[in-house]
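Report on the structure given below.
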Amino acid sequence: MTTLLDSTIRRDAQLLRFGTHLKSEYITPAMQGLAVDIPRLLVGYDELNRREKNKLVAEIGALMKSRLDDMFTSITNELHEMTAQEIEFTSELYDDFIESELKPVVVAASIKAADSAIISLEKGLGRDVGVWSEFTGRNTDSATREVVNIVRDGFDKGRTLSDMTQQIRGKYNRAAKKYMGGILDTTTARAESLVRTGVSHYSNRARDSFAQANKSILDYRVFFATLDNRTTTQCLHFHLSKYELDGNSAPTLPLHYGERSVYLLGGEGLDPLSGSRPVVGGQSGKQAREAFEARQSRTDKKVKYRGRKDSNVFDVEQVSAKVTSQQFMERQPRFFVESSLGKTRAKLFLDGKLPIKKFTDLQGRPLTLEELKKTAAGEKAFRRIGE
C-alpha cells in the first residue's frame, strides 16, 4: 500500500525535475541568446570614440537586464502555476489519508502570501534575506554588473573583441551544442540555484497554506531531509524535528540555496513517518573509496549520485522513515562522511564522537571550527582527536 510518505517523496522528485525544466526552458536559452547577441554588439567597437563606447556599455547593460527580467518574469509565472498545482496535490494527497472533510485553500491568497514572504538563506557566514522579487532583482543586477565590467575593462585596456567575447561566453562546445566557460556560465549556475530555491519556497508556502487551513485536523509538522552526502549540517540538525502547527519555532524552508527538505504533516491517527524511505549512502570498501576519490579529484564540486552507474561508489537503500541523521551518518564509510561534513568535521564525528546536532547551534546555524572548540562537546571532541 502506498503511504503518505511514498507519495510525498515522488512529488518532491517531480519538483526537482520541474527545477530542471525551468533551467532548460528559460535560463539556458536566455544565456545562450546573450552569448550570441552581446558579441554582435561589440563588433567594430575599436572604431568608436569614448562617448560612443559609453553608450554601447549602457546598451549592453540594458540588454542584459531586459533579458534577465523577462526570464525571471516567465519563471515566476510558472512558480505561481506550480503553487496552485501544489495546493491541489497536497489537498488530494491528505484527503486519501484523513477521514475528516478538509477545508479548501484560497489559491490566489496563497500565491500572494508566497510573493511577499521573507526568504532567509544561509550563505557562508552571513545570510541573504528578502522577498522573491528582491532575490531575482539582485541576481539580475549582479549578472548585469559583471558583464558590463568586463566590457568597460576591455575598452579601458584595449582588449580585443576575441578576448572580451571569451570572457563573456567562453568557447562553443560542439558536444554540448552551447557556449561554455565564460561569465554567462557562472550566471547560469547562480540563476539555476536561485530558481531551485524558488521551487522550494513556493511549494513549501503552498503546503503551509494547506496546513493552516486545516489545523483543526492536522496537529504538527515534521522536518524531513533528503539524506545523502549533499545534505547540509542545517538539515541534518533539524531532520525529524517535530513542531506544532500553531507554534513559531519551526524553521522556515528553504534554509539555504538548493534546499531539498520538506515538512510532513501529521495529526491524530495520521503518522507521516510510517513506512520506509530511500537514502543514498556510500559503498564500503577500498574500491569504492578509490573510485569516489578519483571522481572527486576531477571536480571542485561535491560528487553526487547520478544513478545506477554510480553503484560502485554509492549505495541506495530503503530504511525506516524514522532513521535519524545521526544513525544514517554512523552507518557510512569515512570517505562519505568526509564528503558530507568535510575532513575535520568528519574526524570530530567519527573519532571525536561529536554528535551531528552539535555541529550547529540551537537555531541550526552551522558553527565554525573555532566556535566548535569553544563549546563543551566540541572541546571534548577536539581533545579526543588530539587537536
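By convention here, the chains of the C-alpha cells are called A, B, ... in the order presented, each chain's residues are numbered starting at 1, and ligands are numbered starting at 1 in the order presented.
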Closest atom pairs, range 36-73 of chain A residues within 12 Å of range 77-98 of chain A, only C-alpha atoms, as CSV:
```
residue,atom,partner,partner_atom,distance
A:Asp70,CA,A:Asn77,CA,10.7
A:Met71,CA,A:Asn77,CA,10.1
A:Phe72,CA,A:Asn77,CA,8.5
A:Thr73,CA,A:Asn77,CA,6.2
```
Report the closest atom pair, with its distance in Å rounded to one decimal, for each residue of range 227-320 of chain A that has an atom no farther than 9 Å from range 1-17 of chain A; count only C-alpha atoms, sort by chain and then rising residue number, and write it as a Markdown table.
```
| residue | atom | partner | partner_atom | distance |
| --- | --- | --- | --- | --- |
| A:Arg260 | CA | A:Asp12 | CA | 8.1 |
| A:Val262 | CA | A:Asp12 | CA | 8.5 |
| A:Leu264 | CA | A:Leu5 | CA | 7.9 |
| A:Asp271 | CA | A:Leu4 | CA | 8.7 |
| A:Pro272 | CA | A:Leu5 | CA | 6.1 |
| A:Leu273 | CA | A:Leu5 | CA | 6.7 |
| A:Ser274 | CA | A:Thr3 | CA | 7.3 |
| A:Gly275 | CA | A:Thr3 | CA | 7.0 |
| A:Ser276 | CA | A:Leu5 | CA | 8.1 |
| A:Arg277 | CA | A:Asp6 | CA | 7.4 |
| A:Pro278 | CA | A:Ile9 | CA | 8.9 |
```
Quick one: write out the picked residues with C-alpha atoms as a short mmCIF file (atom, residue, chain, number, x, y, z; two decimals), in the first residue's frame?
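Writing done, so here's result02.cif:
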```cif
data_model
loop_
_atom_site.label_atom_id
_atom_site.label_comp_id
_atom_site.auth_asym_id
_atom_site.auth_seq_id
_atom_site.Cartn_x
_atom_site.Cartn_y
_atom_site.Cartn_z
CA ARG A 260 15.57 19.82 -0.70
CA VAL A 262 10.22 19.47 3.30
CA LEU A 264 5.43 16.29 6.59
CA ASP A 271 1.69 9.19 11.22
CA PRO A 272 3.61 10.80 8.33
CA LEU A 273 6.69 8.70 9.16
CA SER A 274 5.03 5.36 8.69
CA GLY A 275 6.92 3.06 6.32
CA SER A 276 10.36 3.33 4.73
CA ARG A 277 12.25 5.91 2.68
CA PRO A 278 15.23 5.83 0.28
#
```
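Backbone DSSP assigns helix (DSSP H, G or I) in range 264-314 of chain A to Lys286, Gln287, Ala288, Arg289, Glu290, Ala291, Phe292, Glu293, Ala294, Arg295, Gln296, Arg308, Lys309 and Asp310 of chain A.
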Requested write-out: C-alpha atoms of the selected residues, as a compact mmCIF listing (two decimals), in the first residue's frame:
```txt
# COMPACT_ATOMS: atom_id res chain seq x y z
CA LYS A 286 38.74 0.23 -0.63
CA GLN A 287 37.50 0.10 -4.23
CA ALA A 288 34.52 2.35 -3.50
CA ARG A 289 36.73 4.86 -1.69
CA GLU A 290 39.28 4.94 -4.53
CA ALA A 291 36.55 5.31 -7.17
CA PHE A 292 34.99 8.16 -5.20
CA GLU A 293 38.32 9.94 -4.69
CA ALA A 294 39.15 9.59 -8.39
CA ARG A 295 35.89 11.29 -9.31
CA GLN A 296 36.30 13.97 -6.67
CA ARG A 308 22.84 3.14 -11.28
CA LYS A 309 26.15 3.82 -12.99
CA ASP A 310 27.41 5.03 -9.60
```
Exercise. Could you check which of A:Lys242, A:Lys103, A:Lys157, A:Lys301 is closest to Ser209 in chain A, using only C-alpha atoms?
Key: A:Lys103
So that each row is one residue of range 165-241 of chain A with an atom at most 9 Å from range 35-46 of chain A, can you give its shortest atom pair and the distance in Å to one decimal, using only C-alpha atoms, rows by chain and rising number, as a tab-separated table?
```
residue	atom	partner	partner_atom	distance
A:Thr165	CA	A:Pro39	CA	5.9
A:Ile168	CA	A:Ala35	CA	7.2
A:Arg169	CA	A:Ala35	CA	5.2
A:Gly170	CA	A:Ala35	CA	8.6
A:Tyr179	CA	A:Ala35	CA	7.0
A:Leu184	CA	A:Ala35	CA	7.4
```
Quiz item: CA of Thr140 in chain A to CA of Lys65 in chain A: how many Å, to one decimal?
Solution: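 Computed distance, CA of Thr140 in chain A to CA of Lys65 in chain A, equals 6.2 Å.
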